[in-house]
file entry-v6.pdb (PDB, C-alpha atoms, pLDDT in the B column)
ATOM      1  CA  MET J  35      26.702  -8.651  12.265  1.00 65.00           C
ATOM      2  CA  PHE J  36      23.141  -9.917  12.561  1.00 86.00           C
ATOM      3  CA  GLU J  37      22.526  -8.243  15.930  1.00 89.00           C
ATOM      4  CA  GLU J  38      21.823  -4.823  14.395  1.00 93.00           C
ATOM      5  CA  TYR J  39      19.658  -6.441  11.706  1.00 95.00           C
ATOM      6  CA  LEU J  40      17.680  -8.401  14.289  1.00 94.00           C
ATOM      7  CA  ASN J  41      17.186  -5.211  16.297  1.00 93.00           C
ATOM      8  CA  ILE J  42      15.805  -3.497  13.183  1.00 94.00           C
ATOM      9  CA  LEU J  43      13.422  -6.433  12.716  1.00 94.00           C
ATOM     10  CA  GLY J  44      12.470  -6.012  16.374  1.00 93.00           C
ATOM     11  CA  SER J  45      11.545  -2.389  15.692  1.00 94.00           C
ATOM     12  CA  ILE J  46       8.952  -3.610  13.155  1.00 94.00           C
ATOM     13  CA  SER J  47       7.441  -6.080  15.610  1.00 94.00           C
ATOM     14  CA  THR J  48       8.569  -7.182  19.067  1.00 94.00           C
ATOM     15  CA  LEU J  49      10.866 -10.198  18.957  1.00 95.00           C
ATOM     16  CA  SER J  50      11.997 -12.228  21.950  1.00 96.00           C
ATOM     17  CA  PRO J  51      15.528 -13.660  22.082  1.00 95.00           C
ATOM     18  CA  ILE J  52      14.026 -17.052  21.159  1.00 96.00           C
ATOM     19  CA  SER J  53      12.371 -15.595  18.041  1.00 96.00           C
ATOM     20  CA  LYS J  54      15.577 -13.798  17.061  1.00 95.00           C
ATOM     21  CA  GLU J  55      17.502 -17.046  17.400  1.00 95.00           C
ATOM     22  CA  ALA J  56      14.933 -18.881  15.270  1.00 95.00           C
ATOM     23  CA  LEU J  57      15.163 -16.184  12.579  1.00 95.00           C
ATOM     24  CA  SER J  58      18.975 -16.310  12.629  1.00 95.00           C
ATOM     25  CA  GLU J  59      18.853 -19.812  11.198  1.00 95.00           C
ATOM     26  CA  HIS J  60      17.201 -18.423   8.047  1.00 96.00           C
ATOM     27  CA  ILE J  61      19.390 -15.378   7.506  1.00 96.00           C
ATOM     28  CA  SER J  62      22.337 -15.276   5.124  1.00 97.00           C
ATOM     29  CA  VAL J  63      24.621 -12.628   3.651  1.00 97.00           C
ATOM     30  CA  LYS J  64      25.214 -12.029  -0.029  1.00 97.00           C
ATOM     31  CA  ASN J  65      28.002  -9.732  -1.199  1.00 98.00           C
ATOM     32  CA  VAL J  66      27.152  -8.196  -4.546  1.00 98.00           C
ATOM     33  CA  PRO J  67      29.758  -6.153  -6.437  1.00 98.00           C
ATOM     34  CA  LYS J  68      28.751  -2.896  -8.094  1.00 97.00           C
ATOM     35  CA  GLY J  69      27.032  -3.625 -11.418  1.00 97.00           C
ATOM     36  CA  ASP J  70      26.050  -7.190 -10.499  1.00 98.00           C
ATOM     37  CA  PHE J  71      22.546  -8.326  -9.657  1.00 98.00           C
ATOM     38  CA  VAL J  72      20.842  -9.283  -6.435  1.00 98.00           C
ATOM     39  CA  LEU J  73      18.001 -10.674  -8.554  1.00 98.00           C
ATOM     40  CA  LYS J  74      18.043 -11.221 -12.312  1.00 97.00           C
ATOM     41  CA  PHE J  75      15.147 -11.128 -14.749  1.00 97.00           C
ATOM     42  CA  GLY J  76      13.356 -14.481 -14.666  1.00 97.00           C
ATOM     43  CA  GLU J  77      14.726 -15.606 -11.301  1.00 98.00           C
ATOM     44  CA  THR J  78      12.303 -16.307  -8.476  1.00 98.00           C
ATOM     45  CA  CYS J  79      12.542 -14.002  -5.468  1.00 97.00           C
ATOM     46  CA  ARG J  80      12.976 -16.259  -2.442  1.00 97.00           C
ATOM     47  CA  HIS J  81      14.052 -13.663   0.137  1.00 97.00           C
ATOM     48  CA  ILE J  82      13.202 -10.378   1.713  1.00 96.00           C
ATOM     49  CA  TYR J  83      16.420  -8.441   1.218  1.00 97.00           C
ATOM     50  CA  PHE J  84      18.015  -5.785   3.405  1.00 97.00           C
ATOM     51  CA  VAL J  85      20.780  -3.423   2.331  1.00 97.00           C
ATOM     52  CA  ASN J  86      23.300  -3.645   5.142  1.00 97.00           C
ATOM     53  CA  ARG J  87      25.855  -1.730   3.092  1.00 97.00           C
ATOM     54  CA  GLY J  88      25.500  -0.219  -0.380  1.00 97.00           C
ATOM     55  CA  PHE J  89      22.683   0.907  -2.652  1.00 96.00           C
ATOM     56  CA  VAL J  90      20.429  -0.947  -5.111  1.00 97.00           C
ATOM     57  CA  ARG J  91      18.123  -0.058  -7.965  1.00 97.00           C
ATOM     58  CA  ILE J  92      15.016  -2.066  -8.803  1.00 97.00           C
ATOM     59  CA  PHE J  93      13.905  -1.813 -12.422  1.00 97.00           C
ATOM     60  CA  TYR J  94      12.200  -3.551 -15.325  1.00 96.00           C
ATOM     61  CA  TYR J  95      12.271  -3.343 -19.090  1.00 95.00           C
ATOM     62  CA  LYS J  96       9.409  -1.880 -21.078  1.00 92.00           C
ATOM     63  CA  GLY J  97      10.300  -2.405 -24.702  1.00 91.00           C
ATOM     64  CA  ASP J  98      13.881  -1.220 -25.056  1.00 90.00           C
ATOM     65  CA  LYS J  99      13.731   1.159 -22.059  1.00 91.00           C
ATOM     66  CA  ASP J 100      14.563   0.308 -18.490  1.00 93.00           C
ATOM     67  CA  ILE J 101      12.163   1.805 -15.961  1.00 95.00           C
ATOM     68  CA  THR J 102      13.286   2.358 -12.377  1.00 96.00           C
ATOM     69  CA  GLU J 103      10.652   1.239  -9.913  1.00 94.00           C
ATOM     70  CA  TRP J 104      12.478   1.719  -6.633  1.00 94.00           C
ATOM     71  CA  PHE J 105      15.777   2.492  -4.930  1.00 95.00           C
ATOM     72  CA  ALA J 106      16.908   0.886  -1.671  1.00 95.00           C
ATOM     73  CA  ASP J 107      19.584   2.562   0.399  1.00 94.00           C
ATOM     74  CA  GLU J 108      21.427   1.280   3.455  1.00 94.00           C
ATOM     75  CA  LYS J 109      19.200  -0.109   6.190  1.00 95.00           C
ATOM     76  CA  GLN J 110      16.216  -0.515   3.858  1.00 94.00           C
ATOM     77  CA  PHE J 111      14.277  -3.631   2.873  1.00 95.00           C
ATOM     78  CA  PHE J 112      13.308  -4.627  -0.671  1.00 95.00           C
ATOM     79  CA  PHE J 113      12.102  -7.565  -2.739  1.00 95.00           C
ATOM     80  CA  SER J 114      10.251  -8.449  -5.950  1.00 96.00           C
ATOM     81  CA  ILE J 115       6.722  -8.540  -4.575  1.00 93.00           C
ATOM     82  CA  THR J 116       4.945 -10.401  -7.390  1.00 94.00           C
ATOM     83  CA  SER J 117       7.684 -13.016  -7.780  1.00 96.00           C
ATOM     84  CA  TYR J 118       7.897 -13.512  -4.024  1.00 95.00           C
ATOM     85  CA  PHE J 119       4.173 -14.085  -3.495  1.00 94.00           C
ATOM     86  CA  GLN J 120       3.475 -16.002  -6.699  1.00 96.00           C
ATOM     87  CA  ASN J 121       6.667 -18.038  -6.442  1.00 96.00           C
ATOM     88  CA  GLY J 122       7.354 -17.328 -10.102  1.00 97.00           C
ATOM     89  CA  PRO J 123       9.860 -15.580 -12.330  1.00 98.00           C
ATOM     90  CA  SER J 124      10.560 -11.945 -11.585  1.00 97.00           C
ATOM     91  CA  ARG J 125      10.075  -9.227 -14.180  1.00 96.00           C
ATOM     92  CA  LEU J 126      11.986  -6.929 -11.847  1.00 97.00           C
ATOM     93  CA  ILE J 127      15.756  -6.771 -11.851  1.00 98.00           C
ATOM     94  CA  ILE J 128      17.645  -5.722  -8.744  1.00 98.00           C
ATOM     95  CA  GLU J 129      21.048  -4.199  -9.477  1.00 98.00           C
ATOM     96  CA  ALA J 130      23.830  -3.200  -7.090  1.00 98.00           C
ATOM     97  CA  ILE J 131      24.611   0.455  -7.781  1.00 96.00           C
ATOM     98  CA  GLU J 132      27.455   0.234  -5.254  1.00 96.00           C
ATOM     99  CA  ASP J 133      29.293  -2.716  -3.765  1.00 98.00           C
ATOM    100  CA  CYS J 134      26.641  -4.209  -1.510  1.00 98.00           C
ATOM    101  CA  GLU J 135      26.336  -6.407   1.503  1.00 98.00           C
ATOM    102  CA  ILE J 136      22.805  -7.779   1.398  1.00 98.00           C
ATOM    103  CA  ILE J 137      21.208  -9.623   4.292  1.00 98.00           C
ATOM    104  CA  GLN J 138      18.657 -12.161   3.088  1.00 97.00           C
ATOM    105  CA  LEU J 139      15.777 -13.561   5.113  1.00 97.00           C
ATOM    106  CA  SER J 140      14.522 -16.667   3.320  1.00 97.00           C
ATOM    107  CA  LYS J 141      10.879 -17.031   2.375  1.00 96.00           C
ATOM    108  CA  GLU J 142      11.062 -20.735   3.170  1.00 96.00           C
ATOM    109  CA  GLY J 143      12.244 -19.928   6.687  1.00 95.00           C
ATOM    110  CA  GLN J 144       9.604 -17.256   7.138  1.00 94.00           C
ATOM    111  CA  ASP J 145       6.854 -19.611   5.985  1.00 94.00           C
ATOM    112  CA  LEU J 146       8.021 -22.275   8.403  1.00 94.00           C
ATOM    113  CA  LEU J 147       8.378 -19.946  11.382  1.00 95.00           C
ATOM    114  CA  ARG J 148       5.207 -17.917  10.905  1.00 92.00           C
ATOM    115  CA  ARG J 149       3.116 -21.057  11.362  1.00 93.00           C
ATOM    116  CA  THR J 150       4.565 -21.752  14.795  1.00 93.00           C
ATOM    117  CA  ASN J 151       5.700 -18.383  16.159  1.00 96.00           C
ATOM    118  CA  LEU J 152       3.239 -15.525  16.691  1.00 95.00           C
ATOM    119  CA  GLU J 153       6.013 -12.918  17.009  1.00 96.00           C
ATOM    120  CA  ILE J 154       7.467 -13.903  13.645  1.00 95.00           C
ATOM    121  CA  SER J 155       3.996 -14.038  12.120  1.00 95.00           C
ATOM    122  CA  ASN J 156       3.451 -10.458  13.317  1.00 96.00           C
ATOM    123  CA  LEU J 157       6.851  -9.454  11.918  1.00 95.00           C
ATOM    124  CA  ILE J 158       5.951 -10.845   8.494  1.00 93.00           C
ATOM    125  CA  LEU J 159       2.593  -9.055   8.632  1.00 94.00           C
ATOM    126  CA  GLY J 160       4.532  -5.865   9.436  1.00 94.00           C
ATOM    127  CA  PHE J 161       6.769  -6.384   6.372  1.00 89.00           C
ATOM    128  CA  TYR J 162       3.778  -6.897   4.108  1.00 91.00           C
ATOM    129  CA  SER J 163       1.880  -3.936   5.540  1.00 94.00           C
ATOM    130  CA  ARG J 164       4.842  -1.598   5.069  1.00 92.00           C
ATOM    131  CA  SER J 165       5.347  -2.827   1.537  1.00 91.00           C
ATOM    132  CA  LEU J 166       1.700  -2.239   0.638  1.00 92.00           C
ATOM    133  CA  ILE J 167       1.755   1.247   2.149  1.00 94.00           C
ATOM    134  CA  LEU J 168       4.924   2.215   0.259  1.00 91.00           C
ATOM    135  CA  SER J 169       3.484   0.846  -2.993  1.00 91.00           C
ATOM    136  CA  GLN J 170       0.257   2.798  -2.552  1.00 94.00           C
ATOM    137  CA  LYS J 171       2.126   5.998  -1.654  1.00 93.00           C
ATOM    138  CA  ARG J 172       4.251   5.608  -4.776  1.00 91.00           C
ATOM    139  CA  MET J 173       1.174   5.075  -6.952  1.00 92.00           C
ATOM    140  CA  GLU J 174      -0.599   8.066  -5.409  1.00 94.00           C
ATOM    141  CA  SER J 175       2.503  10.185  -5.962  1.00 93.00           C
ATOM    142  CA  LEU J 176       2.595   9.272  -9.654  1.00 91.00           C
ATOM    143  CA  GLN J 177      -1.133   9.880 -10.056  1.00 93.00           C
ATOM    144  CA  PHE J 178      -1.688  13.018  -8.012  1.00 95.00           C
ATOM    145  CA  GLU J 179       1.558  14.972  -7.607  1.00 95.00           C
ATOM    146  CA  THR J 180       3.225  17.133 -10.196  1.00 94.00           C
ATOM    147  CA  ALA J 181       6.593  16.056 -11.552  1.00 93.00           C
ATOM    148  CA  SER J 182       8.165  18.996  -9.749  1.00 94.00           C
ATOM    149  CA  ASN J 183       6.603  17.936  -6.426  1.00 94.00           C
ATOM    150  CA  ARG J 184       7.774  14.340  -6.924  1.00 95.00           C
ATOM    151  CA  TYR J 185      11.324  15.571  -7.524  1.00 94.00           C
ATOM    152  CA  GLN J 186      11.245  17.898  -4.507  1.00 94.00           C
ATOM    153  CA  ASN J 187       9.963  15.060  -2.303  1.00 93.00           C
ATOM    154  CA  LEU J 188      12.736  12.818  -3.568  1.00 92.00           C
ATOM    155  CA  ILE J 189      15.501  15.292  -2.779  1.00 91.00           C
ATOM    156  CA  GLU J 190      13.974  16.064   0.627  1.00 92.00           C
ATOM    157  CA  ASN J 191      13.506  12.425   1.626  1.00 88.00           C
ATOM    158  CA  GLN J 192      16.427  10.727  -0.146  1.00 88.00           C
ATOM    159  CA  PRO J 193      18.943  13.434  -1.109  1.00 88.00           C
ATOM    160  CA  ASN J 194      21.855  10.997  -1.445  1.00 87.00           C
ATOM    161  CA  ILE J 195      20.179   9.398  -4.485  1.00 90.00           C
ATOM    162  CA  LEU J 196      21.333  12.378  -6.552  1.00 88.00           C
ATOM    163  CA  ASN J 197      24.945  11.389  -5.897  1.00 90.00           C
ATOM    164  CA  LYS J 198      24.451   7.685  -6.514  1.00 92.00           C
ATOM    165  CA  VAL J 199      22.532   7.225  -9.757  1.00 93.00           C
ATOM    166  CA  PRO J 200      22.456   8.860 -13.186  1.00 92.00           C
ATOM    167  CA  LEU J 201      19.702  11.374 -13.871  1.00 92.00           C
ATOM    168  CA  GLN J 202      18.110   9.015 -16.422  1.00 94.00           C
ATOM    169  CA  HIS J 203      17.299   6.563 -13.597  1.00 95.00           C
ATOM    170  CA  ILE J 204      15.911   9.348 -11.419  1.00 94.00           C
ATOM    171  CA  ALA J 205      13.760  10.582 -14.311  1.00 95.00           C
ATOM    172  CA  SER J 206      12.323   7.116 -14.983  1.00 95.00           C
ATOM    173  CA  PHE J 207      11.656   6.638 -11.262  1.00 94.00           C
ATOM    174  CA  LEU J 208       9.743   9.930 -11.253  1.00 94.00           C
ATOM    175  CA  GLY J 209       7.815   8.917 -14.375  1.00 93.00           C
ATOM    176  CA  ILE J 210       9.201  11.749 -16.505  1.00 94.00           C
ATOM    177  CA  THR J 211      11.699  12.241 -19.316  1.00 93.00           C
ATOM    178  CA  GLN J 212      15.260  13.271 -18.663  1.00 93.00           C
ATOM    179  CA  GLU J 213      14.541  16.566 -20.458  1.00 93.00           C
ATOM    180  CA  THR J 214      11.648  17.322 -18.098  1.00 94.00           C
ATOM    181  CA  LEU J 215      13.876  16.530 -15.130  1.00 94.00           C
ATOM    182  CA  SER J 216      16.515  18.927 -16.475  1.00 93.00           C
ATOM    183  CA  ARG J 217      13.905  21.707 -16.736  1.00 94.00           C
ATOM    184  CA  ILE J 218      12.681  21.039 -13.199  1.00 94.00           C
ATOM    185  CA  ARG J 219      16.232  21.122 -11.833  1.00 92.00           C
ATOM    186  CA  ALA J 220      16.958  24.377 -13.704  1.00 90.00           C
ATOM    187  CA  ASN J 221      13.890  26.015 -12.144  1.00 87.00           C
ATOM    188  CA  LEU J 222      14.806  25.155  -8.562  1.00 81.00           C
TER
END
call {"tool": "encode", "arguments": {"input": "entry-v6.pdb", "output": "structure tokens"}}
result
Amino acid sequence: MFEEYLNILGSISTLSPISKEALSEHISVKNVPKGDFVLKFGETCRHIYFVNRGFVRIFYYKGDKDITEWFADEKQFFFSITSYFQNGPSRLIIEAIEDCEIIQLSKEGQDLLRRTNLEISNLILGFYSRSLILSQKRMESLQFETASNRYQNLIENQPNILNKVPLQHIASFLGITQETLSRIRANL
């Protein structure tokens, strides 16, 4: 099961068989039923997660509203960035929208290996770089694109989201109301 995952890691940064074997010791699988949580509010994020099977939503509460920050589909990585780096409680909640098989790469293992293995250090740098780029692209999208453009980009780049989550979650992810999303969809 881990072979495909390790190959995906190898596509981020070259990994020798020795590095893959070292990483394998710090990988585990977590099965999360639909509606349960990969990470609850207040828990500390101690892994970089990978959706091997399923779909997750990452959100937080602002007052009495839940705000969707991100979706992760199969073969995508995710984690609570602030909790992970500050080793503190997460404000983000990660929910399984479908039954999920999550592969977890432990932070403790990464920290240990990156000090002694240049390939793994480069892999971790690749994770962090990708995460920063995605975060900046998301922020730029919210700041500079119209709501209609954000929706069109979403359906072009992740069309299966429309079949997996309620429109209220899509609207909050896009930074708009559900009514605005309905108007945008009616005009397309």
call {"tool": "residues_around", "arguments": {"input": "entry-v6.pdb", "residues": "Tyr185 in chain J", "least_positions_apart": "5", "cutoff": "9 Å", "atoms": "only C-alpha atoms", "output": "list in words"}}
result
Thr180, Glu190, Ile204, Ala205, Leu208, Leu215, Ile218 and Arg219 of chain J
call {"tool": "resolve_selection", "arguments": {"input": "entry-v6.pdb", "expression": "the PyMOL selection byres ((chain J and resi 181) around 12)", "output": "VMD selection string"}}
result
chain J and resid 175 to 180 182 to 188 204 to 219
call {"tool": "write_last_selection", "arguments": {"input": "entry-v6.pdb", "atoms": "C-alpha atoms", "output": "mmCIF file, in the frame of the given file"}}
result
data_model
loop_
_atom_site.group_PDB
_atom_site.id
_atom_site.type_symbol
_atom_site.label_atom_id
_atom_site.label_comp_id
_atom_site.auth_asym_id
_atom_site.auth_seq_id
_atom_site.Cartn_x
_atom_site.Cartn_y
_atom_site.Cartn_z
ATOM 1 C CA SER J 175 2.503 10.185 -5.962
ATOM 2 C CA LEU J 176 2.595 9.272 -9.654
ATOM 3 C CA GLN J 177 -1.133 9.880 -10.056
ATOM 4 C CA PHE J 178 -1.688 13.018 -8.012
ATOM 5 C CA GLU J 179 1.558 14.972 -7.607
ATOM 6 C CA THR J 180 3.225 17.133 -10.196
ATOM 7 C CA SER J 182 8.165 18.996 -9.749
ATOM 8 C CA ASN J 183 6.603 17.936 -6.426
ATOM 9 C CA ARG J 184 7.774 14.340 -6.924
ATOM 10 C CA TYR J 185 11.324 15.571 -7.524
ATOM 11 C CA GLN J 186 11.245 17.898 -4.507
ATOM 12 C CA ASN J 187 9.963 15.060 -2.303
ATOM 13 C CA LEU J 188 12.736 12.818 -3.568
ATOM 14 C CA ILE J 204 15.911 9.348 -11.419
ATOM 15 C CA ALA J 205 13.760 10.582 -14.311
ATOM 16 C CA SER J 206 12.323 7.116 -14.983
ATOM 17 C CA PHE J 207 11.656 6.638 -11.262
ATOM 18 C CA LEU J 208 9.743 9.930 -11.253
ATOM 19 C CA GLY J 209 7.815 8.917 -14.375
ATOM 20 C CA ILE J 210 9.201 11.749 -16.505
ATOM 21 C CA THR J 211 11.699 12.241 -19.316
ATOM 22 C CA GLN J 212 15.260 13.271 -18.663
ATOM 23 C CA GLU J 213 14.541 16.566 -20.458
ATOM 24 C CA THR J 214 11.648 17.322 -18.098
ATOM 25 C CA LEU J 215 13.876 16.530 -15.130
ATOM 26 C CA SER J 216 16.515 18.927 -16.475
ATOM 27 C CA ARG J 217 13.905 21.707 -16.736
ATOM 28 C CA ILE J 218 12.681 21.039 -13.199
ATOM 29 C CA ARG J 219 16.232 21.122 -11.833
#
call {"tool": "resolve_selection", "arguments": {"input": "entry-v6.pdb", "expression": "the PyMOL selection byres ((chain J and resi 63-76) around 8)", "output": "MDAnalysis selection string"}}
result
chainID J and resid 61:62 77:79 123:138
call {"tool": "resolve_selection", "arguments": {"input": "entry-v6.pdb", "expression": "the PyMOL selection byres ((chain J and resi 55) around 12)", "output": "PDB file with C-alpha atoms, in the frame of the given file"}}
result
ATOM      1  CA  PHE J  36      23.141  -9.917  12.561  1.00 86.00           C
ATOM      2  CA  GLU J  37      22.526  -8.243  15.930  1.00 89.00           C
ATOM      3  CA  LEU J  40      17.680  -8.401  14.289  1.00 94.00           C
ATOM      4  CA  ASN J  41      17.186  -5.211  16.297  1.00 93.00           C
ATOM      5  CA  LEU J  49      10.866 -10.198  18.957  1.00 95.00           C
ATOM      6  CA  SER J  50      11.997 -12.228  21.950  1.00 96.00           C
ATOM      7  CA  PRO J  51      15.528 -13.660  22.082  1.00 95.00           C
ATOM      8  CA  ILE J  52      14.026 -17.052  21.159  1.00 96.00           C
ATOM      9  CA  SER J  53      12.371 -15.595  18.041  1.00 96.00           C
ATOM     10  CA  LYS J  54      15.577 -13.798  17.061  1.00 95.00           C
ATOM     11  CA  ALA J  56      14.933 -18.881  15.270  1.00 95.00           C
ATOM     12  CA  LEU J  57      15.163 -16.184  12.579  1.00 95.00           C
ATOM     13  CA  SER J  58      18.975 -16.310  12.629  1.00 95.00           C
ATOM     14  CA  GLU J  59      18.853 -19.812  11.198  1.00 95.00           C
ATOM     15  CA  HIS J  60      17.201 -18.423   8.047  1.00 96.00           C
ATOM     16  CA  ILE J  61      19.390 -15.378   7.506  1.00 96.00           C
ATOM     17  CA  LEU J 147       8.378 -19.946  11.382  1.00 95.00           C
ATOM     18  CA  ASN J 151       5.700 -18.383  16.159  1.00 96.00           C
ATOM     19  CA  ILE J 154       7.467 -13.903  13.645  1.00 95.00           C
TER      20      ILE J 154
END
call {"tool": "axis_aligned_box", "arguments": {"input": "entry-v6.pdb", "around": "range 73-79 of chain J", "padding_each_side": "8 Å", "output": "AutoDock Vina command-line options"}}
result
--center_x 15.2 --center_y -13.5 --center_z -10.1 --size_x 21.7 --size_y 21.6 --size_z 25.3
call {"tool": "decode", "arguments": {"input": "entry-v6.pdb", "residues": "range 191-218 of chain J", "atoms": "N, CA and C atoms", "output": "PDB file, in the first residue's frame"}}
result
ATOM      1  N   ASN J 191     -10.899  23.165 -12.084  1.00  0.00           N
ATOM      2  CA  ASN J 191      -9.780  22.457 -11.471  1.00  0.00           C
ATOM      3  C   ASN J 191     -10.183  21.312 -10.550  1.00  0.00           C
ATOM      4  N   GLN J 192     -11.369  21.397  -9.951  1.00  0.00           N
ATOM      5  CA  GLN J 192     -11.815  20.348  -9.027  1.00  0.00           C
ATOM      6  C   GLN J 192     -13.318  20.105  -9.206  1.00  0.00           C
ATOM      7  N   PRO J 193     -13.737  19.680 -10.395  1.00  0.00           N
ATOM      8  CA  PRO J 193     -15.171  19.565 -10.674  1.00  0.00           C
ATOM      9  C   PRO J 193     -15.909  18.560  -9.782  1.00  0.00           C
ATOM     10  N   ASN J 194     -15.205  17.560  -9.270  1.00  0.00           N
ATOM     11  CA  ASN J 194     -15.878  16.559  -8.439  1.00  0.00           C
ATOM     12  C   ASN J 194     -16.324  17.104  -7.089  1.00  0.00           C
ATOM     13  N   ILE J 195     -15.801  18.270  -6.685  1.00  0.00           N
ATOM     14  CA  ILE J 195     -16.227  18.874  -5.418  1.00  0.00           C
ATOM     15  C   ILE J 195     -17.730  19.132  -5.427  1.00  0.00           C
ATOM     16  N   LEU J 196     -18.264  19.509  -6.582  1.00  0.00           N
ATOM     17  CA  LEU J 196     -19.691  19.819  -6.679  1.00  0.00           C
ATOM     18  C   LEU J 196     -20.570  18.629  -6.319  1.00  0.00           C
ATOM     19  N   ASN J 197     -20.048  17.428  -6.505  1.00  0.00           N
ATOM     20  CA  ASN J 197     -20.813  16.220  -6.189  1.00  0.00           C
ATOM     21  C   ASN J 197     -20.552  15.699  -4.781  1.00  0.00           C
ATOM     22  N   LYS J 198     -19.609  16.317  -4.084  1.00  0.00           N
ATOM     23  CA  LYS J 198     -19.189  15.766  -2.798  1.00  0.00           C
ATOM     24  C   LYS J 198     -19.606  16.584  -1.594  1.00  0.00           C
ATOM     25  N   VAL J 199     -19.783  17.889  -1.767  1.00  0.00           N
ATOM     26  CA  VAL J 199     -20.080  18.732  -0.602  1.00  0.00           C
ATOM     27  C   VAL J 199     -21.280  19.627  -0.876  1.00  0.00           C
ATOM     28  N   PRO J 200     -22.005  19.997   0.167  1.00  0.00           N
ATOM     29  CA  PRO J 200     -23.131  20.915   0.000  1.00  0.00           C
ATOM     30  C   PRO J 200     -22.660  22.285  -0.491  1.00  0.00           C
ATOM     31  N   LEU J 201     -23.559  22.977  -1.163  1.00  0.00           N
ATOM     32  CA  LEU J 201     -23.238  24.293  -1.716  1.00  0.00           C
ATOM     33  C   LEU J 201     -22.814  25.285  -0.635  1.00  0.00           C
ATOM     34  N   GLN J 202     -23.332  25.145   0.585  1.00  0.00           N
ATOM     35  CA  GLN J 202     -22.942  26.074   1.653  1.00  0.00           C
ATOM     36  C   GLN J 202     -21.444  25.996   1.932  1.00  0.00           C
ATOM     37  N   HIS J 203     -20.854  24.794   1.832  1.00  0.00           N
ATOM     38  CA  HIS J 203     -19.410  24.653   2.054  1.00  0.00           C
ATOM     39  C   HIS J 203     -18.617  25.238   0.883  1.00  0.00           C
ATOM     40  N   ILE J 204     -19.137  25.065  -0.322  1.00  0.00           N
ATOM     41  CA  ILE J 204     -18.483  25.643  -1.494  1.00  0.00           C
ATOM     42  C   ILE J 204     -18.524  27.168  -1.409  1.00  0.00           C
ATOM     43  N   ALA J 205     -19.678  27.707  -1.027  1.00  0.00           N
ATOM     44  CA  ALA J 205     -19.811  29.163  -0.894  1.00  0.00           C
ATOM     45  C   ALA J 205     -18.822  29.705   0.130  1.00  0.00           C
ATOM     46  N   SER J 206     -18.723  29.070   1.299  1.00  0.00           N
ATOM     47  CA  SER J 206     -17.806  29.587   2.320  1.00  0.00           C
ATOM     48  C   SER J 206     -16.356  29.451   1.864  1.00  0.00           C
ATOM     49  N   PHE J 207     -16.040  28.403   1.136  1.00  0.00           N
ATOM     50  CA  PHE J 207     -14.690  28.241   0.589  1.00  0.00           C
ATOM     51  C   PHE J 207     -14.364  29.372  -0.386  1.00  0.00           C
ATOM     52  N   LEU J 208     -15.365  29.775  -1.166  1.00  0.00           N
ATOM     53  CA  LEU J 208     -15.172  30.841  -2.149  1.00  0.00           C
ATOM     54  C   LEU J 208     -15.243  32.234  -1.522  1.00  0.00           C
ATOM     55  N   GLY J 209     -15.628  32.298  -0.256  1.00  0.00           N
ATOM     56  CA  GLY J 209     -15.713  33.585   0.432  1.00  0.00           C
ATOM     57  C   GLY J 209     -16.947  34.378   0.063  1.00  0.00           C
ATOM     58  N   ILE J 210     -18.039  33.665  -0.266  1.00  0.00           N
ATOM     59  CA  ILE J 210     -19.280  34.322  -0.669  1.00  0.00           C
ATOM     60  C   ILE J 210     -20.453  33.682   0.066  1.00  0.00           C
ATOM     61  N   THR J 211     -21.622  34.310  -0.043  1.00  0.00           N
ATOM     62  CA  THR J 211     -22.820  33.733   0.558  1.00  0.00           C
ATOM     63  C   THR J 211     -23.379  32.670  -0.369  1.00  0.00           C
ATOM     64  N   GLN J 212     -24.235  31.845   0.195  1.00  0.00           N
ATOM     65  CA  GLN J 212     -24.875  30.805  -0.613  1.00  0.00           C
ATOM     66  C   GLN J 212     -25.784  31.440  -1.673  1.00  0.00           C
ATOM     67  N   GLU J 213     -26.389  32.573  -1.356  1.00  0.00           N
ATOM     68  CA  GLU J 213     -27.250  33.267  -2.313  1.00  0.00           C
ATOM     69  C   GLU J 213     -26.439  33.766  -3.511  1.00  0.00           C
ATOM     70  N   THR J 214     -25.260  34.322  -3.233  1.00  0.00           N
ATOM     71  CA  THR J 214     -24.386  34.783  -4.315  1.00  0.00           C
ATOM     72  C   THR J 214     -23.959  33.605  -5.185  1.00  0.00           C
ATOM     73  N   LEU J 215     -23.639  32.496  -4.551  1.00  0.00           N
ATOM     74  CA  LEU J 215     -23.260  31.302  -5.321  1.00  0.00           C
ATOM     75  C   LEU J 215     -24.417  30.851  -6.200  1.00  0.00           C
ATOM     76  N   SER J 216     -25.627  30.883  -5.691  1.00  0.00           N
ATOM     77  CA  SER J 216     -26.795  30.499  -6.493  1.00  0.00           C
ATOM     78  C   SER J 216     -26.948  31.411  -7.717  1.00  0.00           C
ATOM     79  N   ARG J 217     -26.740  32.702  -7.537  1.00  0.00           N
ATOM     80  CA  ARG J 217     -26.824  33.643  -8.667  1.00  0.00           C
ATOM     81  C   ARG J 217     -25.736  33.355  -9.708  1.00  0.00           C
ATOM     82  N   ILE J 218     -24.522  33.086  -9.227  1.00  0.00           N
ATOM     83  CA  ILE J 218     -23.427  32.784 -10.143  1.00  0.00           C
ATOM     84  C   ILE J 218     -23.739  31.524 -10.945  1.00  0.00           C
TER      85      ILE J 218
END
